[in-house]
Structures are given as structure tokens and as C-alpha cells.
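Novice: Following this message is one structure expressed as C-alpha cells.
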There are 2 protein chains.
Amino acid sequence: MSSAAAARQPSSTFLAACRGEAVARTPIWLMRQAGRYLPEYRDLRSRRSMAELLATPELAVEATLIPLRRFPVDAAIIFSDLLLPLVGMGLAVSYDDGGPSVSNPLRSTRDIDMLAVPPASEALETTLTAVRMAASECAARGVPLIGFAGAPFTLASYAIEGGTSRSFTRTKAMMYEVPAAWERLMGRLVTILTDFLVAQARSGAAALQVFDSWAGVALGRDDYVRYAQPWTRRLFEGLKTAGVPLISFSTGTAPFIEEVAACGGDVVSVDWRMPMAWYREALGPARVLQGNLDPAALLGPWRGIVEKVDAIRSGAGSRHVFNLGHGILPETDPSVVARLVGLVHGEEENR
Amino acid sequence: MSSAAAARQPSSTFLAACRGEAVARTPIWLMRQAGRYLPEYRDLRSRRSMAELLATPELAVEATLIPLRRFPVDAAIIFSDLLLPLVGMGLAVSYDDGGPSVSNPLRSTRDIDMLAVPPASEALETTLTAVRMAASECAARGVPLIGFAGAPFTLASYAIEGGTSRSFTRTKAMMYEVPAAWERLMGRLVTILTDFLVAQARSGAAALQVFDSWAGVALGRDDYVRYAQPWTRRLFEGLKTAGVPLISFSTGTAPFIEEVAACGGDVVSVDWRMPMAWYREALGPARVLQGNLDPAALLGPWRGIVEKVDAIRSGAGSRHVFNLGHGILPETDPSVVARLVGLVHGEEENR
């Protein structure tokens with residue numbers, strides 16, 4: 001972490017834990033903590049579209065801060081969307097209730113060759129402004145702000161499929177049939193994502209999380225190693241200049257979590273499919289682990305949550321940032337989230 | 001295998017391989033081999049709805065036989081649908097292009113208590129008739145017929161969610177909140193599924209495959225062991241009386257494949273997420289393995305397919321039934337499937 005960032009967050013438990021330092025209590029934040037499970041967020045979205053939130057820094061900041069007003073979480077994450085870097089590259093991204101979609105997805109080598117690689121300071125200026133404003137608001141509350149972007153494979157699959165996918169057939173066909181085009185696409189994505197993430201850190205993000213949301217859904221181990229890992233590794237290499245803790249997120253990657261961790265990242269965020277003790281065994285005692293409560297556990301009885309939280313904490317040991325193993329579900333009761341934060345913070349009345 | 005079944009299939013390479021016997025060449029069949037990638041199937045479906053195919057034994061037999069007319073595959077699988085056992089239990093199942101759905105899903109303990117457990121000979125008579133007719137047609141071609149059903153967890157999740165799901169929130173809420181109701185539901189499903197599968201074997205199915213399509217998507221290891229494994233194990237125990245080889249199918253279960261294999265099954269069908277050599281190492285030399293080509297590999301260049309097939313065959317060793325790691329994709333070129341079957345059968349001109 002740069003000294004400027006350290007000065008902004010002198011006593012962040014979250015940042016200390018990310019750096020592997022001993023902390024007095026386990027920090028916690030929740031993926032999608034600003035989301036549809038919160039009435040304040042639903043209210044905001046009833047008045048403003050997703051596109052408006054993303055295009056208006058003041059609204060993105062408002063969404064970012066919503067969970068901080070409710071819960072004493074140890075970090076905020078900028079309200080943004082994985083697909084934004086694709087817009088500056090020339091893709092048309094839109095948002096509806098079914099999630100984001102690309103109306104002119106990449107279907108040929110020529111489409112890939114036509115992609116622009118504009119500097120983040122221009123193409124992603126709105127997001128960087130939101131990061132700057134949100135970081136200032138978070139600093140006033142003593143909470144560090146996490147910046148983020150997608151990993152190259154996840155961005156490439158969105159760009160090629162045009163949205164979410166079940167079988168990733170077009171992405172794989174491109175990988176297998178035209179490996180040279182795949183490499184050009186991944187190279188350009190690494191360039192723009194490195195630039196974007198470093199710029200978020202310079203704009204005040206105190207940590208950076210890289211979401212490889214689709215790699216473990218789409219790829220087996222050997223294809224991951226061949227078509228995704230080299231580019232994610234290159235991205236993490238380039239992010240070292242950002243001088244802030246780096247978090248690697250993926251899901252569905254348990255059987256090849258070592259290959260995922262080999263890409264880099266001070267912190268490896270793991271899904272809920274295997275017990276935290278298993279991930280600790282796989283990745284060794286030195287790595288900081290983030291996770292890994294099943295989001296669906298929050299829909300069950302409190303005693304089950306306590307049991308799972310205990311197993312996660314004892315499985316992780318000391319180098320641990322508590323989180324879910326994936327994004328919080330819209331059906332979640334905010335009062336259960338409040339209790340969870342208290343439980344992880346060691347407030348005994350929550351047991 | 002019963003002597004009657006053995007008499008019907010005196011020289012099946014597929015059945016011998018399922019029993020762990022040495023075979024002259026590796027048998028191959030493909031999950032969803034009667035599917036939308038074949039123009040004959042699309043033609044049939046343009047004239048008849050899914051519901052009609054399932055309700056008319058002659059049409060189900062026609063669909064079952066389509067791939068046999070094109071490819072020298074070593075087994076056929078009855079054309080049917082996982083959700084059919086739910087109909088006799090009192091659920092209303094319908095089919096559209098988005099897949100099957102249940103209009104009156106289980107939402108309460110009372111819903112579960114109201115479920116009927118009719119004998120398969122009545123509730124699933126149409127399917128059993130189709131199995132009888134298809135087995136006879138297959139026997140005339142020297143090809144064994146595989147019967148199938150869903151595993152208890154997969155059927156329960158369909159019954160509770162009402163269709164496919166991304167996060168299985170209702171299923172998990174039922175599991176966690178009302179474990180006694182969950183156990184009643186799973187117990188009834190085991191009863192009806194055992195009865196249905198044994199009846200398929202008595203109707204001529206020479207092997208039985210149990211599809212746990214959703215367990216690895218929905219559940220982490222510990223929840224699998226607690227909420228799914230005991231019931232799948234009980235099902236496999238009950239199926240021993242069928243006297244035919246039993247195949248266990250799942251996907252997304254690589255990190256806990258040993259727990260899956262512990263349920264039973266002469267053959268364990270594994271997905272494409274880890275190399276076959278890894279599964280062989282995990283499950284030991286004695287178990288027969290089925291799989292595990294990534295269906296998307298068939299959309300790529302032939303040399304890549306050959307490379308993957310070679311790795312699968314050398315990784316599996318001798319106790320192996322070649323298959324995909326999941327269902328064939330609608331985009332697949334039938335001529336590539338023909339070449340794949342030839343390649344696995346050792347016809348060198350395919351290399």
C-alpha cells in the first residue's frame with residue numbers, strides 16, 4: 001500500500017488483514033452488500049435505472065454508502081459494473097432485469113481487431129470520479145473503499161457471448177478455433193483492466209478486487225491453465241504498481257484453486273463449495289483467505305448460521321477476511337445481516 | 001446383472017465395461033445423443049411437442065432410436081424426462097422451450113405431506129411401456145438400452161423451485177428450516193425412484209443411470225453429505241435388486257467426488273472440469289469411470305478433440321465408458337459426432 005493510502009486508512013482492520021497482519025478482530029464485508037435485499041437500494045432503483053446509477057457519480061456513491069449506514073462493515077466496495085470497460089472498447093452494453101447484455105458482441109477476428117484500448121482516464125472517467133468521491137466519503141467514516149474490475153476471462157466471455165451464458169459455446173469456439181485472436185483479445189483486456197484498476201487505486205481505492213466470476217463455471221482445469229491463467233497472472237503482475245492489497249475472486253474453482261491462487265493476489269476469495277479448512281489446507285498458512293459463507297445459509301435458521309460461521313473462522317485461522325462465498329441473495333433479511341456482522345465482530349449477544 | 005438381461009445382451013461391450021470386465025474396445029455413448037443437434041430430432045419436435053413425445057411410447061421409442069440410425073454407439077438411453085416421477089406424486093409439470101416447470105411447486109410442509117407415492121407400474125406406465133418397446137428394438141440391433149431417473153436431491157430441487165434455478169434458495173431454506181419435512185420428501189422420492197428404476201430394468205433396461213444434475217451446482221460438500229448423500233446411497237442400495245449395472249451421474253462435484261462415489265454405482269460418470277487422470281487418482285483403479293469430454297470441445301478443431309480424447313483414454317485406463325462430461329450441445333455438428341465415435345472405436349482414419 002502506498003504511504004498516501006496508508007495515511008488515509010490509518011487503522012483499518014480490513015487492510016491490515018489483507019496485508020496478513022495480526023488484527024484484533026476478523027474484518028467483514030459482503031459481496032453485493034449494496035443490493036436488492038436492502039429496501040433503501042430497491043427504493044433508489046425504483047427511481048433510477050441501473051444505467052443512470054452507473055452514469056452519475058453522485059448516485060453510484062449513494063449506492064456505495066447504503067450498507068455503511070446500516071452495518072458496521074469493515075469495507076465498502078464501489079458501486080459499478082463489470083462490463084463498463086467494454087463500453088470504451090466499442091461494445092454497446094445495456095441493462096435490464098435479466099442482467100447486462102452486449103448488443104454487438106464479438107463474433108469474429110475482425111471484431112476483435114477493431115476493439116479500441118482507450119485510457120481509463122477518458123473511457124472510465126465517470127467511474128473514477130465515483131471512486132474519488134466515494135473514497136472521500138468512506139474515509140470520513142473510517143472505512144476503506146474497494147475498487148474492482150472483472151478478470152480477463154470473465155470480460156472476454158461477456159464480450160463474446162453478449163451476456164450471461166450456460167455453456168459458453170461461443171467463447172470456447174473462439175479459444176479453440178482462433179487462439180491467436182483469443183490472445184489478442186486477452187492482451188487488450190489485460191491492458192485496459194490494469195490501467196483501470198491502477199487508476200481506481202490512484203483515485204482512492206484502498207484495495208482492488210478482481211472478479212473472475214465465470215472462469216470456474218466455464219472452464220475445466222486444463223483450459224483454465226491454458227486460456228485464462230496466463231492473462232490473470234499478467235494482470236496481477238501489473239497491479240503491483242497500484243500499491244494496495246489485491247484480492248482474487250472466483251467461484252466454482254475449488255478443484256483447481258491452487259492454479260487460481262498462482263495468478264497472484266494478496267487475498268484469495270473462495271466460494272462456499274468446500275469447507276474453509278479445506279481451502280486453508282490447499283493454499284497453505286501464509287495466504288490471506290476471504291469468504292466463504294454460502295449466501296443461502298442466511299435464509300436458514302440462526303443456529304445454522306452460527307455453526308457455519310464458527311467452522312469458517314476456525315478453518316481459516318488468523319489470516320482471514322470474513323465474507324460470503326458469492327454475492328448476497330435478494331431474499332436475505334437485512335436484520336440477519338446485521339446479526340452476522342455482530343457475530344463476526346465477536347459481540348456475544350449474537351450467539 | 002440378471003441372467004435374463006445377460007441373455008438379452010450376450011456380447012455388449014458397454015455392459016461388459018460397466019461390470020469392470022476387460023473389453024476389446026472402449027464403448028461410447030453420448031448424453032443427450034437424441035437431441036436438438038440432430039436434424040431428425042428437430043424434425044420430430046417440429047411436428048410433436050415434448051409433452052406428446054413423453055405421453056406416446058411410439059414417439060419416445062422413435063426419439064430413442066434416432067442416434068442409433070446414424071452412429072454405431074454402444075448404448076441407447078430411453079427418451080424420457082427427469083420430472084415425470086413428480087407427476088404421479090401430484091405435481092403439475094409442463095414443458096416449454098425454457099425447459100420443464102412445475103406450476104404447483106412444494107412450498108410448505110403440508111405440500112410435502114400431501115404428496116402421493118403411487119406404484120411406478122401405474123403412475124409411470126407410459127414410460128415403462130416405452131422402455132419395453134425400445135428395449136426390444138435395441139435388442140434387435142444388438143444395443144443395450146439404458147433406463148434412468150433423477151437422484152433424490154435433483155428431483156427435490158425441481159419440486160421445490162418449480163424449475164431450474166441459479167441459487168436454489170427455496171430448496172436450501174426447506175433443508176435448513178424444516179429438516180424433518182426435507183427428510184420426509186427425500187424418503188418418498190427414494191421410494192418412488194427405486195420402484196421406477198427397478199421397473200425400468202424389469203421392462204428391459206440393461207443398465208440404469210441416476211442423474212444428480214443439480215447437487216454439485218447447489219450444494220457444497222458438507223451440505224451434500226448431510227442433505228443429499230444419505231438418500232442417494234439408499235437409492236443405490238435399493239437398486240441392487242434390479243440386477244443391472246448402475247451408473248451415477250453428477251456435475252460440478254469434482255471437489256467432493258469421493259463422497260459422490262461413496263453413494264454407490266458400478267460406474268461413476270464424471271464431468272469435464274478436471275482431467276480424467278485426476279478422477280482416476282481420486283477414485284482408484286477399481287471403479288469404472290464414464291466421461292468426460294467437454295461438450296464444447298466438439299465445437300472446436302478436430303486436432304483439439306483428438307488431443308483431449310487421448311488424454312481422457314490414457315487417464316481413465318481400462319475401466320472406462322467413453323462419454324461427454326455433460327449433455328451434447330445443440331450447436332454440435334453431427335459429422336463431428338460420427339468422427340468421435342470412430343476415433344474412440346479405434347478407427348485410425350479418424351486421427
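Starting from 1 in every chain, residues are counted up; chains themselves are A, B, ... following the order of the C-alpha cells, and ligands are numbered from 1 as listed.
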As a PyMOL selection string, please: the residues near Val344 (chain A) (cut-off 9 Å, only C-alpha atoms, same-chain neighbours under 6 positions excluded).
Specialist: chain A and resi 25-28+309+313+322
Novice: Name the residues of region 234-275 of chain B that come out as strand (DSSP E or B) in a backbone DSSP run; write them as a list in words.
Specialist: Leu246, Ile247, Ser248, Phe249, Ser250, Val267, Val268 and Ser269 of chain B
Novice: Using only C-alpha atoms, find the residues of chain B whose closest atom to chain A is at most 7 Å away, then write them as a list in words.
Specialist: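 Close enough to count are Thr169, Lys172, Ala173, Tyr176, Glu177, Leu219, Gly220, Arg221, Ala254, Pro255, Trp272, Arg273, Met274, Ala296, Leu299, Gly300 and Pro301 of chain B.
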Novice: In terms of the shortest atom-to-atom distance over only C-alpha atoms, which of B:Ala261, B:Tyr95, B:Thr191, B:Phe211 is closest to Leu239 (chain B)?
Specialist: B:Thr191
Novice: For Pro39 (chain A), which residue out of A:Val143, A:Leu340, A:Ala63, A:Leu208 is the nearest one, using only C-alpha atoms?
Specialist: A:Ala63
Novice: From the DSSP assignment of the backbone, select every residue of region 106-315 of chain B that is alpha helix (DSSP H), and format the answer as a VMD selection string.
Specialist: chain B and resid 109 to 113 120 to 123 125 to 140 152 to 161 169 to 177 179 to 202 215 to 218 221 to 223 229 to 239 257 to 261 276 to 283 302 to 315
Novice: Please provide the set of residues having any atom within 10 Å of Val117 (chain A), restricted to only C-alpha atoms, with same-chain residues fewer than 6 positions apart removed, written as a PyMOL selection string.
Specialist: chain A and resi 85-86+88-90+123+188-189+191-193
